[in-house]
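J.: First, the structure itself, so that you have it in front of you.
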Amino acid sequence: MSVLQEIGPNVKNMKQLEYAVLARRANQIEEELRRGVRKPYKEVIDVTWGDSHRAGVKPLSFVRQVLAACLYPQLMKSDKLPLDVRQRAQTLLGSCVGGSVGSYTATAGISETVHRISEFITRRDGGVPSSPENIYISPGSQWSLTNILNVLVNSETSPRSGVLTPVPCYCTMTLSIMSLGAAVIPYYLSEEQGWALQVEELQRALESAKGDSNPVALYVINPGNPAGLVQSRKSMQEVIRFVSEKRLFLLADEVYQDCVYGENSEFVSYKRVLADMGPPLSDTVELASFHSTSKGFMGECGLRGGYVELVNLDPAVMKYIYNLFSKDSCAPVLGQIALDLMVNPPQPGDPSYHLHNQETQHIRSMLVQNVKRTYEVVNSLPGFSSQPVEGGAFAFPRVYLPPKAIQKAKEVGLQPDMFYCMRLLEEAGVLASPGCEYGQKEGTYHIRFLIMTSRDISEELLRRLSSFHAKFMKDFS
């Protein structure tokens with residue numbers, strides 16, 4: 001008997017990502033370039049991932065110096081590293097069992113780091129208390145999100161559990177829901193209103209699920225991925241009232257909280273808004289909030305460090321959550337250390353403060369400039385329109401494809417925006433993702449690409465996109 005016949009239906013039902021097809025072709029193109037095959041470009045620009053280091057953004061010196069000293073403690077004897085770096089490494093190693101980053105930690109993470117995350121959340125939320133007992137460190141935010149879904153979803157009930165999920169939404173989330181045997185219940189963000197989340201649409205989505213699934217949770221991404229919306233406090237209050245009334249668990253993906261560019265936008269956490277609303281809501285709405293070292297200015301995707309904070313959960317449920325996190329032993333220790341440095345950066349007066357501040361401000365100003373330039377360039381191209389990007393790491397412009405291009409895509413068996421992205425890769429060496437990967441209203445097409453890149457890569461990307469798009473529109477007019 002083939003092993004394939006033994007694979008569970010939930011795994012079989014997971015669709016292949018469009019990105020995988022594009023990535024395979026990108027690898028072939030890079031191999032062709034190495035062999036000297038002539039193309040109109042010298043390298044592929046990959047802007048499909050939320051991976052800023054891949055896209056030319058430099059790692060923060062303080063973070064790498066502390067990590068280096070933790071990995072190789074002899075460096076702490078050298079005066080080549082600033083004093084506060086050596087002191088921080090010593091403190092962090094003192095929290096590790098056996099004084100080594102090679103040891104396991106407690107299930108929830110290094111105790112001292114969990115406490116510092118708790119203090120960071122309290123500062124961020126203007127004094128709203130945070131308890132270390134409610135925080136779990138994980139190998140990235142998606143990992144903890146899947147663990148929480150595991151608690152919420154019952155694959156044996158009929159109808160099956162369902163999770164209200166935004167459209168557009170990054171694809172690994174929808175795959176996680178499907179792999180657990182739950183239903184993805186799509187709610188559409190309003191593109192015409194800057195990708196706003198509307199409670200009427202949540203209501204419609206909930207009604208549409210009747211008979212097919214039992215909705216157990218609402219998933220929100222703020223700031224948005226890929227749409228780039230930063231939710232207003234009023235919108236968040238409406239969402240909180242909605243989940244309270246419908247008895248839904250609130251999953252708040254807040255990994256891009258440092259990345260806010262809109263002039264009138266500011267990040268406020270769901271936990272803070274919930275606390276400000278007061279009882280009975282602040283005592284009863286169940287919430288999980290997620291954050292990560294992969295996003296924001298740190299951009300340490302490969303270190304795999306994230307955390308979840310749980311609010312208003314029944315102690316009996318917390319026991320099961322502990323069991324779920326226990327099965328993975330612990331998160332990577334270097335990822336835990338990176339989290340510690342993210343929530344507790346150098347302070348004024350520390351030897352590393354000036355350089356750290358300079359580097360983070362440089363990344364911020366670079367991103368603000370990239371956002372501005374991308375918005376201007378994309379909206380100047382005929383057949384393209386982009387809503388303002390208020391936060392997050394991506395642009396998600398709409399592309400109005402000519403009927404001939406849509407027809408050609410059908411003939412070759414591709415979604416129209418996948419066809420566009422494949423041509424963009426072949427002809428311009430730009431690896432971007434099609435909107436069909438994230439969900440979109442029928443009859444609309446989009447592409448997603450990273451804006452958290454170096455200025456050089458951003459400018460080259462926009463130059464190639466502009467040149468390719470003009471030719472594409474001409475070819476299919």
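Note on naming: chains are A, B, ... as they come in the structure tokens, residues start from 1 per chain, ligands start from 1 in the order shown.
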I want to know what sits within 8 Å of A:Leu149, based on only C-alpha atoms, with residues of the same chain fewer than 4 positions away left out; could you give that as a list in words?
T.: Leu145, Val153 and Ile177 of chain A
J.: So how many Å separate atom CA of A:Phe242 and atom CA of A:Asp276, to one decimal?
T.: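 That distance, rounded to one decimal, is 16.3 Å.
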J.: Enumerate, as a ChimeraX atom specification, the complete set of residues in stretch 250-339 of chain A that a backbone-based DSSP assignment places in strand (DSSP E or B).
T.: /A:250-253,260,287-292,306-311
J.: Store the residues of this selection in a file with N, CA and C atoms, as a JSON list (two decimals), in the first residue's frame.
T.:
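So the final result, stored in selection.json, reads:
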[["chain", "number", "residue", "atom", "x", "y", "z"],
["A", 250, "LEU", "N", -10.99, 35.70, 20.13],
["A", 250, "LEU", "CA", -10.33, 36.70, 19.28],
["A", 250, "LEU", "C", -8.84, 36.40, 19.15],
["A", 251, "LEU", "N", -8.40, 36.15, 17.91],
["A", 251, "LEU", "CA", -6.99, 35.90, 17.61],
["A", 251, "LEU", "C", -6.43, 37.17, 16.95],
["A", 252, "ALA", "N", -5.54, 37.87, 17.65],
["A", 252, "ALA", "CA", -5.01, 39.15, 17.14],
["A", 252, "ALA", "C", -3.55, 38.99, 16.73],
["A", 253, "ASP", "N", -3.32, 39.01, 15.42],
["A", 253, "ASP", "CA", -1.97, 38.90, 14.87],
["A", 253, "ASP", "C", -1.41, 40.32, 14.79],
["A", 260, "VAL", "N", 4.40, 51.17, 11.29],
["A", 260, "VAL", "CA", 3.24, 52.02, 11.01],
["A", 260, "VAL", "C", 3.75, 53.29, 10.33],
["A", 287, "LEU", "N", -8.90, 36.41, 24.42],
["A", 287, "LEU", "CA", -8.02, 36.99, 23.40],
["A", 287, "LEU", "C", -6.65, 36.33, 23.43],
["A", 288, "ALA", "N", -6.09, 36.10, 22.24],
["A", 288, "ALA", "CA", -4.68, 35.71, 22.12],
["A", 288, "ALA", "C", -4.01, 36.72, 21.20],
["A", 289, "SER", "N", -2.90, 37.30, 21.65],
["A", 289, "SER", "CA", -2.18, 38.29, 20.86],
["A", 289, "SER", "C", -0.79, 37.75, 20.54],
["A", 290, "PHE", "N", -0.36, 37.93, 19.27],
["A", 290, "PHE", "CA", 0.88, 37.33, 18.80],
["A", 290, "PHE", "C", 1.88, 38.40, 18.34],
["A", 291, "HIS", "N", 3.16, 38.16, 18.63],
["A", 291, "HIS", "CA", 4.24, 39.07, 18.19],
["A", 291, "HIS", "C", 5.46, 38.22, 17.86],
["A", 292, "SER", "N", 6.44, 38.83, 17.17],
["A", 292, "SER", "CA", 7.54, 38.05, 16.63],
["A", 292, "SER", "C", 8.79, 38.89, 16.40],
["A", 306, "GLY", "N", 9.02, 33.99, 18.68],
["A", 306, "GLY", "CA", 7.74, 34.70, 18.77],
["A", 306, "GLY", "C", 7.12, 34.44, 20.12],
["A", 307, "TYR", "N", 6.03, 35.14, 20.42],
["A", 307, "TYR", "CA", 5.33, 34.85, 21.67],
["A", 307, "TYR", "C", 3.83, 35.06, 21.49],
["A", 308, "VAL", "N", 3.07, 34.44, 22.37],
["A", 308, "VAL", "CA", 1.64, 34.68, 22.45],
["A", 308, "VAL", "C", 1.33, 35.10, 23.88],
["A", 309, "GLU", "N", 0.45, 36.10, 24.03],
["A", 309, "GLU", "CA", -0.08, 36.46, 25.35],
["A", 309, "GLU", "C", -1.56, 36.12, 25.34],
["A", 310, "LEU", "N", -2.01, 35.43, 26.38],
["A", 310, "LEU", "CA", -3.40, 34.98, 26.48],
["A", 310, "LEU", "C", -4.14, 35.80, 27.54],
["A", 311, "VAL", "N", -5.35, 36.22, 27.20],
["A", 311, "VAL", "CA", -6.13, 37.11, 28.07],
["A", 311, "VAL", "C", -7.50, 36.48, 28.35]]
J.: Here is a test: counting only C-alpha atoms, which residue of A:Asn27, A:Thr157, A:Ser235, A:Asn370 is nearest to A:Ala393?
T.: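 Looking only at the distances to A:Ala393, the closest residue turns out to be A:Asn370.
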